[in-house]
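Data file: upload-v2.txt. Format and content: compact mmCIF, C-alpha atoms and all ligand atoms.
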# COMPACT_ATOMS: atom_id res chain seq x y z
CA MET A 1 28.66 24.98 42.16
CA SER A 2 30.47 27.71 44.06
CA ARG A 3 29.13 31.19 44.59
CA THR A 4 31.58 33.71 43.21
CA GLU A 5 31.77 37.45 43.68
CA TRP A 6 33.31 39.41 40.85
CA PRO A 7 36.74 40.90 41.60
CA GLU A 8 35.87 44.56 42.30
CA ASP A 9 38.18 45.99 39.65
CA VAL A 10 36.70 43.76 36.89
CA ALA A 11 33.09 44.44 37.96
CA GLY A 12 33.87 48.19 38.07
CA GLU A 13 35.37 48.07 34.60
CA ILE A 14 32.30 46.24 33.23
CA ARG A 15 29.89 48.78 34.83
CA ARG A 16 31.88 51.70 33.45
CA ARG A 17 32.25 50.27 29.95
CA VAL A 18 28.60 49.19 29.66
CA LEU A 19 26.96 52.28 31.16
CA ALA A 20 29.36 55.10 30.34
CA GLU A 21 31.67 54.19 27.44
CA PRO A 22 30.44 55.73 24.14
CA GLY A 23 31.59 52.73 22.09
CA PHE A 24 29.71 50.10 24.12
CA MET A 25 28.11 47.55 21.76
CA LYS A 26 26.98 44.53 23.73
CA VAL A 27 27.51 42.53 26.88
CA THR A 28 26.46 38.89 26.98
CA GLN A 29 26.64 36.37 29.78
CA VAL A 30 26.03 32.64 29.38
CA VAL A 31 25.50 30.73 32.63
CA ARG A 32 25.55 26.93 32.61
CA ARG A 33 22.83 25.41 34.76
CA GLY A 34 21.74 21.79 35.17
CA GLY A 35 22.71 20.69 31.66
CA GLY A 36 21.24 23.82 29.99
CA THR A 37 22.30 27.42 29.51
CA PHE A 38 20.84 30.76 30.56
CA ARG A 39 21.87 33.56 28.22
CA VAL A 40 21.35 37.23 28.91
CA SER A 41 22.56 40.21 26.93
CA LEU A 42 22.28 43.97 26.96
CA ARG A 43 22.94 46.34 24.06
CA PRO A 44 22.38 50.01 23.32
CA VAL A 45 19.45 51.01 21.12
CA VAL A 46 17.79 54.23 20.04
CA ILE A 47 14.08 54.22 20.89
CA LYS A 48 12.01 57.12 19.50
CA GLY A 49 15.16 59.19 19.18
CA GLU A 50 16.23 58.53 22.80
CA LYS A 51 19.20 56.44 23.79
CA GLY A 52 18.16 53.31 25.64
CA TYR A 53 19.13 49.67 26.14
CA GLN A 54 17.67 46.39 25.04
CA GLY A 55 17.94 43.27 27.17
CA GLU A 56 17.45 39.75 25.87
CA MET A 57 17.11 36.61 27.98
CA THR A 58 17.09 33.09 26.55
CA GLU A 59 16.46 29.96 28.57
CA GLU A 60 15.27 26.54 27.37
CA GLY A 61 14.72 27.87 23.84
CA ARG A 62 12.47 30.76 25.00
CA THR A 63 13.63 34.33 24.42
CA GLN A 64 12.31 37.47 26.13
CA VAL A 65 13.27 40.94 24.95
CA LYS A 66 12.78 44.13 27.02
CA ASN A 67 13.78 47.78 26.58
CA PHE A 68 15.28 49.81 29.44
CA ASP A 69 16.34 53.34 30.30
CA LEU A 70 19.72 53.91 31.96
CA GLU A 71 18.46 53.04 35.46
CA GLY A 72 16.78 49.85 34.18
CA ALA A 73 19.98 48.89 32.37
CA ARG A 74 21.98 49.53 35.57
CA SER A 75 19.83 47.14 37.60
CA GLY A 76 19.79 44.59 34.75
CA LEU A 77 23.59 44.66 34.69
CA GLU A 78 23.72 44.19 38.49
CA GLU A 79 21.46 41.14 38.13
CA MET A 80 23.77 39.81 35.46
CA LEU A 81 26.82 40.33 37.68
CA GLY A 82 24.96 38.68 40.56
CA GLN A 83 24.56 35.36 38.69
CA THR A 84 26.49 32.42 40.09
CA GLY A 85 28.04 29.21 38.79
CA PRO A 86 30.27 28.50 35.79
CA ARG A 87 29.69 31.22 33.23
CA GLU A 88 31.17 33.32 30.48
CA LEU A 89 30.78 37.04 30.05
CA HIS A 90 31.70 38.76 26.82
CA LEU A 91 31.81 42.52 26.57
CA VAL A 92 32.12 44.09 23.12
CA THR A 93 33.09 47.74 22.76
CA ALA A 94 34.75 49.86 20.10
CA SER A 95 37.88 49.99 22.27
CA GLY A 96 38.20 46.18 22.36
CA ASP A 97 36.60 43.09 23.88
CA LEU A 98 36.74 41.73 27.41
CA HIS A 99 36.05 38.03 27.85
CA VAL A 100 35.75 36.52 31.33
CA ARG A 101 35.29 32.82 32.00
CA VAL A 102 34.34 31.76 35.52
CA THR A 103 35.27 28.11 36.03
CA LYS A 104 33.37 25.53 38.13
CA LYS A 105 35.87 26.19 40.92
CA GLY A 106 35.12 29.91 40.81
CA LYS A 107 38.35 30.98 39.09
CA PHE A 108 38.08 34.12 36.93
CA LEU A 109 39.98 33.86 33.62
CA GLU A 110 40.14 37.12 31.69
CA SER A 111 41.22 37.78 28.14
CA ARG A 112 41.19 41.02 26.21
CA SER A 113 41.48 41.98 22.57
CA SER A 114 42.50 45.16 20.81
CA PRO A 115 39.90 47.25 18.99
CA MET A 116 38.39 45.44 15.99
CA ALA A 117 37.38 47.16 12.77
CA ARG A 118 33.59 47.29 13.21
CA ASP A 119 30.86 48.71 11.06
CA VAL A 120 28.98 51.66 12.47
CA ASP A 121 25.26 51.57 11.82
CA GLU A 122 24.60 55.16 10.76
CA GLN A 123 20.88 54.99 11.43
CA GLN A 124 21.40 54.19 15.07
CA GLY A 125 23.83 56.99 15.87
CA HIS A 126 27.61 57.05 16.11
CA ASP A 127 27.96 54.78 19.11
CA ARG A 128 25.69 52.10 17.72
CA VAL A 129 27.50 49.34 15.87
CA LYS A 130 25.83 47.13 13.28
CA ARG A 131 25.29 43.70 14.76
CA GLN A 132 27.38 41.09 13.00
CA PRO A 133 27.62 37.43 14.00
CA LEU A 134 31.41 37.69 14.19
CA THR A 135 31.19 40.63 16.61
CA ASP A 136 28.67 38.85 18.84
CA PHE A 137 31.34 36.81 20.60
CA ASP A 138 35.06 37.01 21.24
CA SER A 139 36.15 36.14 17.70
CA ALA A 140 39.57 37.82 17.91
CA ALA A 141 41.60 34.58 18.11
CA LEU A 142 39.53 32.94 15.36
CA LEU A 143 39.84 35.88 12.97
CA LYS A 144 43.57 36.19 13.55
CA ALA A 145 44.13 32.45 13.07
CA LEU A 146 42.16 32.53 9.81
CA GLY A 147 44.19 35.51 8.64
CA ILE A 148 41.01 37.61 8.31
CA ALA A 149 42.27 39.97 11.03
CA ASP A 150 45.83 41.22 11.47
CA ALA A 151 47.87 40.90 14.67
CA ASP A 152 46.08 43.98 16.10
CA GLY A 153 42.66 42.48 15.47
CA ARG A 154 41.81 44.72 12.50
CA ILE A 155 40.05 43.18 9.51
CA ARG A 156 42.57 43.08 6.66
CA ALA A 157 41.41 45.06 3.63
CA SER A 158 42.12 42.07 1.39
CA MET A 159 39.91 39.84 3.59
CA ARG A 160 36.96 42.23 3.95
CA GLY A 161 35.02 40.36 1.24
CA LYS A 162 35.47 36.99 2.96
CA TYR A 163 34.65 38.54 6.36
CA ASP A 164 31.37 39.92 4.95
CA GLN A 165 30.53 36.65 3.19
CA VAL A 166 31.03 34.62 6.37
CA ASN A 167 29.04 37.10 8.51
CA GLU A 168 26.13 37.10 6.09
CA PHE A 169 26.23 33.33 5.66
CA LEU A 170 26.12 32.96 9.47
CA LYS A 171 23.02 35.18 9.56
CA VAL A 172 21.28 32.82 7.14
CA ILE A 173 22.22 29.81 9.28
CA ASP A 174 21.14 31.65 12.43
CA ALA A 175 17.72 32.43 10.93
CA ALA A 176 17.26 28.87 9.65
CA ILE A 177 17.41 27.35 13.15
CA ALA A 178 14.85 29.05 15.37
CA ASP A 179 15.16 26.87 18.46
CA LYS A 180 17.97 25.08 20.18
CA PRO A 181 18.16 21.55 18.73
CA GLU A 182 17.48 18.78 21.24
CA LYS A 183 20.60 16.92 20.18
CA THR A 184 24.01 17.83 18.81
CA LEU A 185 23.69 19.68 15.50
CA ASN A 186 25.90 18.00 12.90
CA ILE A 187 27.04 20.22 10.03
CA VAL A 188 29.03 19.41 6.90
CA ASP A 189 30.83 22.17 4.99
CA CYS A 190 31.32 20.90 1.44
CA GLY A 191 34.34 22.32 -0.41
CA CYS A 192 35.47 23.92 2.86
CA GLY A 193 38.80 25.26 1.54
CA ARG A 194 40.76 26.96 4.34
CA ALA A 195 37.80 26.52 6.71
CA TYR A 196 36.72 30.16 7.13
CA LEU A 197 33.05 29.21 7.30
CA THR A 198 33.65 25.78 8.88
CA LEU A 199 35.35 27.23 11.97
CA ALA A 200 33.20 30.38 12.12
CA VAL A 201 29.95 28.39 12.19
CA TYR A 202 31.25 26.22 15.02
CA PHE A 203 32.32 29.18 17.16
CA TYR A 204 29.20 31.21 16.42
CA LEU A 205 26.66 28.48 17.16
CA THR A 206 28.40 27.32 20.35
CA ALA A 207 29.33 30.74 21.76
CA VAL A 208 26.29 32.79 20.76
CA ARG A 209 23.45 30.27 20.44
CA GLY A 210 24.76 27.87 23.10
CA PHE A 211 24.30 24.83 20.81
CA GLU A 212 26.17 21.54 20.93
CA VAL A 213 27.73 21.40 17.47
CA ARG A 214 30.01 19.18 15.43
CA VAL A 215 31.29 20.31 12.06
CA CYS A 216 33.04 18.38 9.31
CA GLY A 217 34.77 20.18 6.44
CA ILE A 218 35.33 18.20 3.23
CA ASP A 219 37.73 19.24 0.47
CA ARG A 220 39.64 17.42 -2.25
CA LYS A 221 42.84 19.46 -1.71
CA ALA A 222 45.35 17.90 0.67
CA ASP A 223 47.10 21.20 1.47
CA VAL A 224 43.93 23.09 2.50
CA ILE A 225 42.80 20.15 4.65
CA ALA A 226 46.19 20.11 6.39
CA THR A 227 45.90 23.87 7.06
CA ALA A 228 42.31 23.51 8.30
CA ARG A 229 43.28 20.69 10.69
CA ARG A 230 46.15 22.75 12.08
CA LEU A 231 43.84 25.74 12.60
CA ALA A 232 41.28 23.60 14.46
CA ALA A 233 44.06 22.21 16.67
CA ASP A 234 45.52 25.70 17.34
CA LEU A 235 42.06 26.96 18.29
CA ASP A 236 41.56 23.93 20.54
CA VAL A 237 38.42 22.66 18.78
CA ALA A 238 39.85 19.67 16.86
CA GLU A 239 37.59 17.33 18.83
CA HIS A 240 34.46 19.02 17.44
CA VAL A 241 35.63 20.37 14.08
CA VAL A 242 37.10 17.69 11.84
CA PHE A 243 38.20 17.56 8.23
CA VAL A 244 38.03 14.89 5.55
CA GLU A 245 40.25 15.01 2.47
CA GLY A 246 38.49 13.67 -0.63
CA GLU A 247 35.90 14.08 -3.37
CA LEU A 248 32.49 15.16 -2.12
CA ALA A 249 30.88 12.29 -3.99
CA GLU A 250 32.97 9.73 -2.12
CA SER A 251 33.51 11.27 1.31
CA GLU A 252 31.55 10.66 4.48
CA PRO A 253 31.40 12.78 7.64
CA PRO A 254 31.91 10.91 10.91
CA PHE A 255 28.29 11.56 11.98
CA GLU A 256 24.72 11.73 10.71
CA ALA A 257 24.51 15.16 9.12
CA ASP A 258 21.65 17.60 9.81
CA MET A 259 22.88 20.48 7.68
CA VAL A 260 24.98 20.87 4.55
CA LEU A 261 26.72 24.14 3.76
CA SER A 262 28.76 25.16 0.78
CA LEU A 263 30.28 28.51 0.08
CA HIS A 264 31.49 28.85 -3.49
CA ALA A 265 32.12 25.19 -4.17
CA CYS A 266 33.10 25.33 -7.84
CA ASP A 267 30.83 24.38 -10.76
CA THR A 268 29.02 21.07 -10.16
CA ALA A 269 30.51 20.78 -6.63
CA THR A 270 27.48 22.82 -5.49
CA ASP A 271 25.21 20.19 -7.10
CA GLU A 272 27.25 17.48 -5.44
CA ALA A 273 26.88 19.23 -2.07
CA LEU A 274 23.09 19.38 -2.55
CA ALA A 275 23.03 15.73 -3.67
CA ARG A 276 25.08 14.61 -0.65
CA GLY A 277 22.84 16.63 1.66
CA MET A 278 19.78 14.84 0.25
CA GLU A 279 21.45 11.42 0.44
CA TRP A 280 22.44 12.11 4.06
CA LYS A 281 18.79 13.11 4.69
CA CYS A 282 19.75 16.55 5.98
CA ARG A 283 17.00 18.87 7.07
CA TYR A 284 18.88 22.02 5.99
CA LEU A 285 20.86 22.75 2.83
CA ILE A 286 22.45 26.19 2.55
CA CYS A 287 24.60 26.69 -0.52
CA ALA A 288 26.08 29.75 -2.24
CA PRO A 289 27.09 28.50 -5.72
CA CYS A 290 30.25 29.54 -7.52
CA CYS A 291 31.18 29.46 -11.20
CA GLN A 292 28.82 27.28 -13.27
CA HIS A 293 30.09 25.84 -16.53
CA GLU A 294 27.94 22.77 -17.04
CA LEU A 295 24.73 24.25 -18.46
CA HIS A 296 26.63 27.05 -20.20
CA LYS A 297 28.24 24.42 -22.42
CA THR A 298 25.00 22.60 -23.22
CA LEU A 299 22.58 25.49 -23.99
CA LYS A 300 21.78 24.99 -27.64
CA GLU A 301 22.08 27.74 -30.24
CA GLY A 302 19.04 28.80 -32.28
CA GLY A 303 15.39 29.29 -31.45
CA PRO A 304 13.73 32.35 -29.92
CA MET A 305 16.55 32.84 -27.37
CA GLN A 306 19.28 33.12 -29.99
CA ALA A 307 19.42 36.92 -29.61
CA VAL A 308 20.39 36.42 -25.95
CA LEU A 309 22.68 33.42 -26.45
CA ARG A 310 24.76 35.21 -29.08
CA HIS A 311 26.31 37.44 -26.36
CA GLY A 312 28.87 35.61 -24.23
CA ILE A 313 28.14 37.50 -21.02
CA LEU A 314 24.36 37.17 -21.35
CA ARG A 315 24.70 33.49 -22.17
CA GLU A 316 26.82 33.03 -19.03
CA ARG A 317 24.37 34.92 -16.80
CA LEU A 318 21.41 33.09 -18.27
CA ALA A 319 23.14 29.75 -17.67
CA ASP A 320 23.78 30.77 -14.04
CA LEU A 321 20.14 31.74 -13.51
CA LEU A 322 18.82 28.60 -15.14
CA THR A 323 21.21 26.36 -13.20
CA ASP A 324 20.03 27.79 -9.87
CA THR A 325 16.39 27.63 -10.98
CA PHE A 326 16.74 23.95 -11.92
CA ARG A 327 18.47 23.25 -8.61
CA ALA A 328 15.72 24.97 -6.62
CA GLN A 329 13.00 23.21 -8.57
CA LEU A 330 14.56 19.76 -8.11
CA LEU A 331 14.84 20.43 -4.36
CA ARG A 332 11.16 21.40 -4.30
CA ILE A 333 10.24 18.15 -6.04
CA LEU A 334 12.19 16.26 -3.40
CA GLY A 335 10.36 17.85 -0.47
CA PHE A 336 12.30 21.01 0.33
CA ARG A 337 10.96 24.50 0.85
CA VAL A 338 13.44 26.67 -1.06
CA GLN A 339 14.35 30.32 -1.05
CA ILE A 340 16.88 32.03 -3.26
CA VAL A 341 18.37 35.21 -1.85
CA GLU A 342 21.23 37.63 -2.40
CA PHE A 343 23.01 36.89 0.86
CA VAL A 344 25.74 39.53 0.69
CA SER A 345 26.44 42.72 -1.22
CA ALA A 346 27.88 42.50 -4.73
CA GLU A 347 31.01 44.34 -3.47
CA ALA A 348 31.78 41.42 -1.16
CA THR A 349 31.44 38.93 -4.03
CA ALA A 350 29.84 38.82 -7.45
CA ARG A 351 28.78 35.27 -6.53
CA ASN A 352 26.19 36.44 -4.05
CA ILE A 353 23.23 34.16 -4.73
CA LEU A 354 22.37 31.64 -2.03
CA LEU A 355 19.93 28.73 -1.98
CA ARG A 356 18.47 27.90 1.39
CA ALA A 357 16.34 24.82 1.64
CA GLU A 358 14.57 23.02 4.44
CA PHE A 359 13.10 19.54 4.14
CA CYS A 360 9.52 20.07 5.31
CA VAL A 361 7.14 19.41 2.40
CA LYS A 362 5.66 16.21 0.93
CA PRO A 363 7.91 15.19 -1.99
CA GLY A 364 6.55 14.80 -5.53
CA GLN A 365 4.07 17.71 -5.57
CA GLN A 366 2.55 17.90 -9.03
CA ALA A 367 3.00 21.69 -9.42
CA ALA A 368 6.72 21.43 -8.60
CA VAL A 369 7.21 18.60 -11.09
CA SER A 370 5.30 20.25 -13.93
CA ASP A 371 7.07 23.63 -13.47
CA TYR A 372 10.37 21.78 -13.66
CA LEU A 373 9.50 19.72 -16.71
CA GLU A 374 8.13 22.69 -18.60
CA LEU A 375 11.30 24.70 -18.07
CA ARG A 376 13.59 21.76 -18.80
CA ASP A 377 11.75 20.89 -22.00
CA PHE A 378 11.70 24.49 -23.17
CA TRP A 379 15.49 24.60 -22.92
CA ASN A 380 15.89 21.02 -24.08
CA VAL A 381 18.61 20.27 -21.51
CA THR A 382 19.15 17.74 -18.74
CA PRO A 383 20.52 19.55 -15.67
CA TRP A 384 23.50 17.86 -14.00
CA LEU A 385 21.64 17.57 -10.68
CA GLU A 386 18.75 15.72 -12.30
CA THR A 387 21.10 13.05 -13.65
CA ARG A 388 22.94 12.92 -10.32
CA MET A 389 19.70 12.52 -8.35
CA ALA A 390 17.98 10.24 -10.91
CA ARG A 391 17.49 7.52 -8.30
CA LEU A 392 15.32 9.89 -6.23
CA THR A 393 13.79 12.14 -8.88
CA GLY A 394 13.10 9.37 -11.43
CA LYS A 395 9.85 8.17 -9.90
CA TYR A 396 8.38 11.69 -9.77
CA LEU A 397 9.56 12.88 -13.17
CA SER A 398 8.43 9.76 -15.00
CA LYS A 399 4.85 10.07 -13.63
CA TYR A 400 3.99 13.12 -15.73
C1 LIG B 1 36.41 28.52 -4.21
S1 LIG B 1 36.92 27.42 -2.99
C2 LIG B 1 35.90 27.92 -1.63
C3 LIG B 1 36.42 27.45 -0.30
C4 LIG B 1 35.65 27.88 0.92
N1 LIG B 1 34.32 27.33 0.95
C5 LIG B 1 35.61 29.38 1.05
O1 LIG B 1 34.57 29.98 0.83
O2 LIG B 1 36.65 29.97 1.35
C6 LIG B 1 36.18 25.90 -3.50
C7 LIG B 1 36.75 24.68 -2.78
O3 LIG B 1 35.96 23.54 -3.15
C8 LIG B 1 36.83 22.44 -3.32
N2 LIG B 1 36.16 21.49 -4.23
C9 LIG B 1 35.68 21.74 -5.47
N3 LIG B 1 35.12 20.65 -6.00
C10 LIG B 1 35.23 19.66 -5.09
C11 LIG B 1 34.85 18.30 -5.05
N4 LIG B 1 34.22 17.73 -6.07
N5 LIG B 1 35.14 17.57 -3.94
C12 LIG B 1 35.80 18.14 -2.91
N6 LIG B 1 36.19 19.44 -2.89
C13 LIG B 1 35.92 20.19 -3.95
C14 LIG B 1 38.10 23.04 -3.88
O4 LIG B 1 39.21 22.21 -3.64
C15 LIG B 1 38.18 24.37 -3.15
O5 LIG B 1 38.96 24.29 -1.98

Translate the structure described by the file into structure tokens.
Amino acid sequence: MSRTEWPEDVAGEIRRRVLAEPGFMKVTQVVRRGGGTFRVSLRPVVIKGEKGYQGEMTEEGRTQVKNFDLEGARSGLEEMLGQTGPRELHLVTASGDLHVRVTKKGKFLESRSSPMARDVDEQQGHDRVKRQPLTDFDSAALLKALGIADADGRIRASMRGKYDQVNEFLKVIDAAIADKPEKTLNIVDCGCGRAYLTLAVYFYLTAVRGFEVRVCGIDRKADVIATARRLAADLDVAEHVVFVEGELAESEPPFEADMVLSLHACDTATDEALARGMEWKCRYLICAPCCQHELHKTLKEGGPMQAVLRHGILRERLADLLTDTFRAQLLRILGFRVQIVEFVSAEATARNILLRAEFCVKPGQQAAVSDYLELRDFWNVTPWLETRMARLTGKYLSKY
């Protein structure tokens, strides 16, 4: 590993932009050392009404956070600039990003992006920008390739909803995995479409969390798979982000999956994503369902709920709620801890419910089974996922 001094003009620019530029948002450096990574970042914060800085250091899965005044931030930045070995520094400011990669041979490779449209966090003052996963690393090339940002790096108005959905989905994934996995994390994006989430999750987890990641997007549409493959090749990640064209029920990723994602996979495709995730023995299932027609068609007229079912819109909403409740309850029966959250604002999408599940409980708990059966028998329906998962759920449901 060679020792490398920063070129004076680049180091000077970093000092000025971090310590004096009003639009400074974050500087992060990832140093590769003996098979692991050492990650350090500095960002502005307001502490008790005073402007300050917060530093964060992560090594071997342990994170330390410390607050600094200007002088403390200055010496922290000097320490960061004094690090040696192959490394990447990413500076994010309102006037644009600076990304510097220092190769094993000590070569400095710089790239810059134009200002991105970023959300200001009002509570933190005008120069404090709301932290978003897609602003935590140099995402300019990714966002432009996906068509989320225009040629100048600004988020297109028509893509703002998708940008917000992907950011918020990434936050859920980020929170689900507390520590760096010991092995490569294998993720499947079911019903990946044009691969907005598929590519974003790869870049986020590798660049920001320093994980080894492989991602496989599956979709039945040949044209979107062709586009997704081209994007992965253009972004130089085709080795780690692959795509399979086919039905979810019949497709296999080229690895043992740890996590299944789906963002608005239509109707029963969300159930199929959950079913595949369970069959692949994934630890994490994170799915934001889309339109749901199945239960809507089978809810029977009459009985005490007739006053609700008579109204088309209420019937539809009730079917949506029940579908997600049945899904969550079946996952609980099969050993998952489940949370249902609104992952993004309703302006970004009306389909803003998300199920996040982690396999960490003994399957077949009596309370989970009886809650499920009571609800199912009240409505006198058989949810699609129950039939699909009959091989696994059968032994628990038939016991009671
Ligand atoms: C609404 S799009 C969402 C795409 C992407 N996840 C996103 O958020 O931009 C749903 C995608 O799921 C795919 N899909 C739906 N059912 C599927 C199935 N059974 N097998 C494979 N793909 C499916 C569709 O082809 C479509 O591309």

**Report entry** Atomic distance CA of Gln29 (chain A) - CA of His240 (chain A), expressed in Å with one decimal
**Finding:** 22.7 Å

**Report entry** Site check for ligand LIG 1 (chain B): residues at most 9 Å away, only C-alpha atoms and all ligand atoms, as a PyMOL selection string
**Finding:** chain A and resi 162+165-166+189-198+218-222+224-225+245-251+261-270+272-273+290-291

Query raised in the report: Do you know which residues are at most 9 Å from Leu185 (chain A) counting all atoms listed in the file, after dropping those on the same chain fewer than 6 positions away, and could you put them as an MDAnalysis selection string?
Result: chainID A and resid 211:215 257:259

**Report entry** Nearest-residue call for Pro289 (chain A), choices A:Leu321, A:Val31, A:Leu309, A:Leu42, using all atoms listed in the file
**Finding:**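 Distance minimum relative to Pro289 (chain A) lands on A:Leu321.
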
Requested in this report: Could you please determine the separation between CA of Leu392 (chain A) and CA of Ala368 (chain A) in Å, to one decimal place?
Outcome: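 Separation between CA of Leu392 (chain A) and CA of Ala368 (chain A): 14.6 Å.
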
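Proximity of A:Ala178, A:Val30, A:Ala149, A:Leu91 to Ala207 (chain A), computed with only C-alpha atoms, is greatest for A:Val30.
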
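For the residues A:Asp377, A:Glu252, A:Glu110, A:Asp234, ranking by smallest atom-to-atom distance to Lys144 (chain A) using all atoms listed in the file places A:Asp234 first.
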
Query raised in the report: How many Å lie between CA of Asp371 (chain A) and CA of Ala175 (chain A), rounded to one decimal?
Result: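 Between CA of Asp371 (chain A) and CA of Ala175 (chain A) the gap works out to 28.0 Å.
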
Query raised in the report: Hey, what's within 12 Å of Arg209 (chain A) if we count only C-alpha atoms and toss same-chain stuff fewer than 2 positions away? As a PyMOL selection string, please?
Result: chain A and resi 28-30+36-41+57-63+133+136-137+170-171+173-175+177-181+185+201-207+211-213

Query raised in the report: With all atoms listed in the file as the atoms that count, which of A:Ile187, A:Ala200, A:Ala145, A:Leu375 lies nearest to Pro254 (chain A)?
Result: A:Ile187

Report task. Within 12 Å of Glu347 (chain A), counting all atoms listed in the file, which residues show up once you throw out same-chain ones fewer than 4 positions away? Write them as a ChimeraX atom specification, please. Result -> /A:160-165,342-343,351-352

Please, can region 145-162 of chain A be completed to N, CA and C atoms and returned as a PDB file, in the frame of the given file?
ATOM      1  N   ALA A 145      43.647  33.758  13.559  1.00  0.00           N
ATOM      2  CA  ALA A 145      44.130  32.450  13.070  1.00  0.00           C
ATOM      3  C   ALA A 145      43.776  32.258  11.600  1.00  0.00           C
ATOM      4  N   LEU A 146      42.580  32.694  11.208  1.00  0.00           N
ATOM      5  CA  LEU A 146      42.160  32.530   9.810  1.00  0.00           C
ATOM      6  C   LEU A 146      42.855  33.505   8.868  1.00  0.00           C
ATOM      7  N   GLY A 147      43.524  34.500   9.458  1.00  0.00           N
ATOM      8  CA  GLY A 147      44.190  35.510   8.640  1.00  0.00           C
ATOM      9  C   GLY A 147      43.212  36.573   8.145  1.00  0.00           C
ATOM     10  N   ILE A 148      41.990  36.568   8.690  1.00  0.00           N
ATOM     11  CA  ILE A 148      41.010  37.610   8.310  1.00  0.00           C
ATOM     12  C   ILE A 148      41.359  38.908   9.042  1.00  0.00           C
ATOM     13  N   ALA A 149      41.834  38.780  10.275  1.00  0.00           N
ATOM     14  CA  ALA A 149      42.270  39.970  11.030  1.00  0.00           C
ATOM     15  C   ALA A 149      43.789  39.959  11.159  1.00  0.00           C
ATOM     16  N   ASP A 150      44.375  41.152  11.282  1.00  0.00           N
ATOM     17  CA  ASP A 150      45.830  41.220  11.470  1.00  0.00           C
ATOM     18  C   ASP A 150      46.165  41.044  12.949  1.00  0.00           C
ATOM     19  N   ALA A 151      47.447  41.167  13.288  1.00  0.00           N
ATOM     20  CA  ALA A 151      47.870  40.900  14.670  1.00  0.00           C
ATOM     21  C   ALA A 151      47.202  41.846  15.667  1.00  0.00           C
ATOM     22  N   ASP A 152      46.758  43.037  15.205  1.00  0.00           N
ATOM     23  CA  ASP A 152      46.080  43.980  16.100  1.00  0.00           C
ATOM     24  C   ASP A 152      44.575  43.775  16.136  1.00  0.00           C
ATOM     25  N   GLY A 153      44.099  42.778  15.446  1.00  0.00           N
ATOM     26  CA  GLY A 153      42.660  42.480  15.470  1.00  0.00           C
ATOM     27  C   GLY A 153      41.865  43.257  14.426  1.00  0.00           C
ATOM     28  N   ARG A 154      42.539  43.970  13.535  1.00  0.00           N
ATOM     29  CA  ARG A 154      41.810  44.720  12.500  1.00  0.00           C
ATOM     30  C   ARG A 154      41.572  43.828  11.282  1.00  0.00           C
ATOM     31  N   ILE A 155      40.365  43.978  10.690  1.00  0.00           N
ATOM     32  CA  ILE A 155      40.050  43.180   9.510  1.00  0.00           C
ATOM     33  C   ILE A 155      40.953  43.647   8.362  1.00  0.00           C
ATOM     34  N   ARG A 156      41.687  42.713   7.773  1.00  0.00           N
ATOM     35  CA  ARG A 156      42.570  43.080   6.660  1.00  0.00           C
ATOM     36  C   ARG A 156      41.729  43.516   5.461  1.00  0.00           C
ATOM     37  N   ALA A 157      42.180  44.561   4.782  1.00  0.00           N
ATOM     38  CA  ALA A 157      41.410  45.060   3.630  1.00  0.00           C
ATOM     39  C   ALA A 157      41.194  43.951   2.606  1.00  0.00           C
ATOM     40  N   SER A 158      42.230  43.123   2.405  1.00  0.00           N
ATOM     41  CA  SER A 158      42.120  42.070   1.390  1.00  0.00           C
ATOM     42  C   SER A 158      41.143  40.969   1.807  1.00  0.00           C
ATOM     43  N   MET A 159      40.797  40.902   3.106  1.00  0.00           N
ATOM     44  CA  MET A 159      39.910  39.840   3.590  1.00  0.00           C
ATOM     45  C   MET A 159      38.513  40.356   3.917  1.00  0.00           C
ATOM     46  N   ARG A 160      38.269  41.630   3.629  1.00  0.00           N
ATOM     47  CA  ARG A 160      36.960  42.230   3.950  1.00  0.00           C
ATOM     48  C   ARG A 160      35.821  41.469   3.254  1.00  0.00           C
ATOM     49  N   GLY A 161      36.064  41.078   1.989  1.00  0.00           N
ATOM     50  CA  GLY A 161      35.020  40.360   1.240  1.00  0.00           C
ATOM     51  C   GLY A 161      34.688  39.034   1.921  1.00  0.00           C
ATOM     52  N   LYS A 162      35.703  38.289   2.311  1.00  0.00           N
ATOM     53  CA  LYS A 162      35.470  36.990   2.960  1.00  0.00           C
ATOM     54  C   LYS A 162      34.795  37.192   4.329  1.00  0.00           C
TER      55      LYS A 162
END
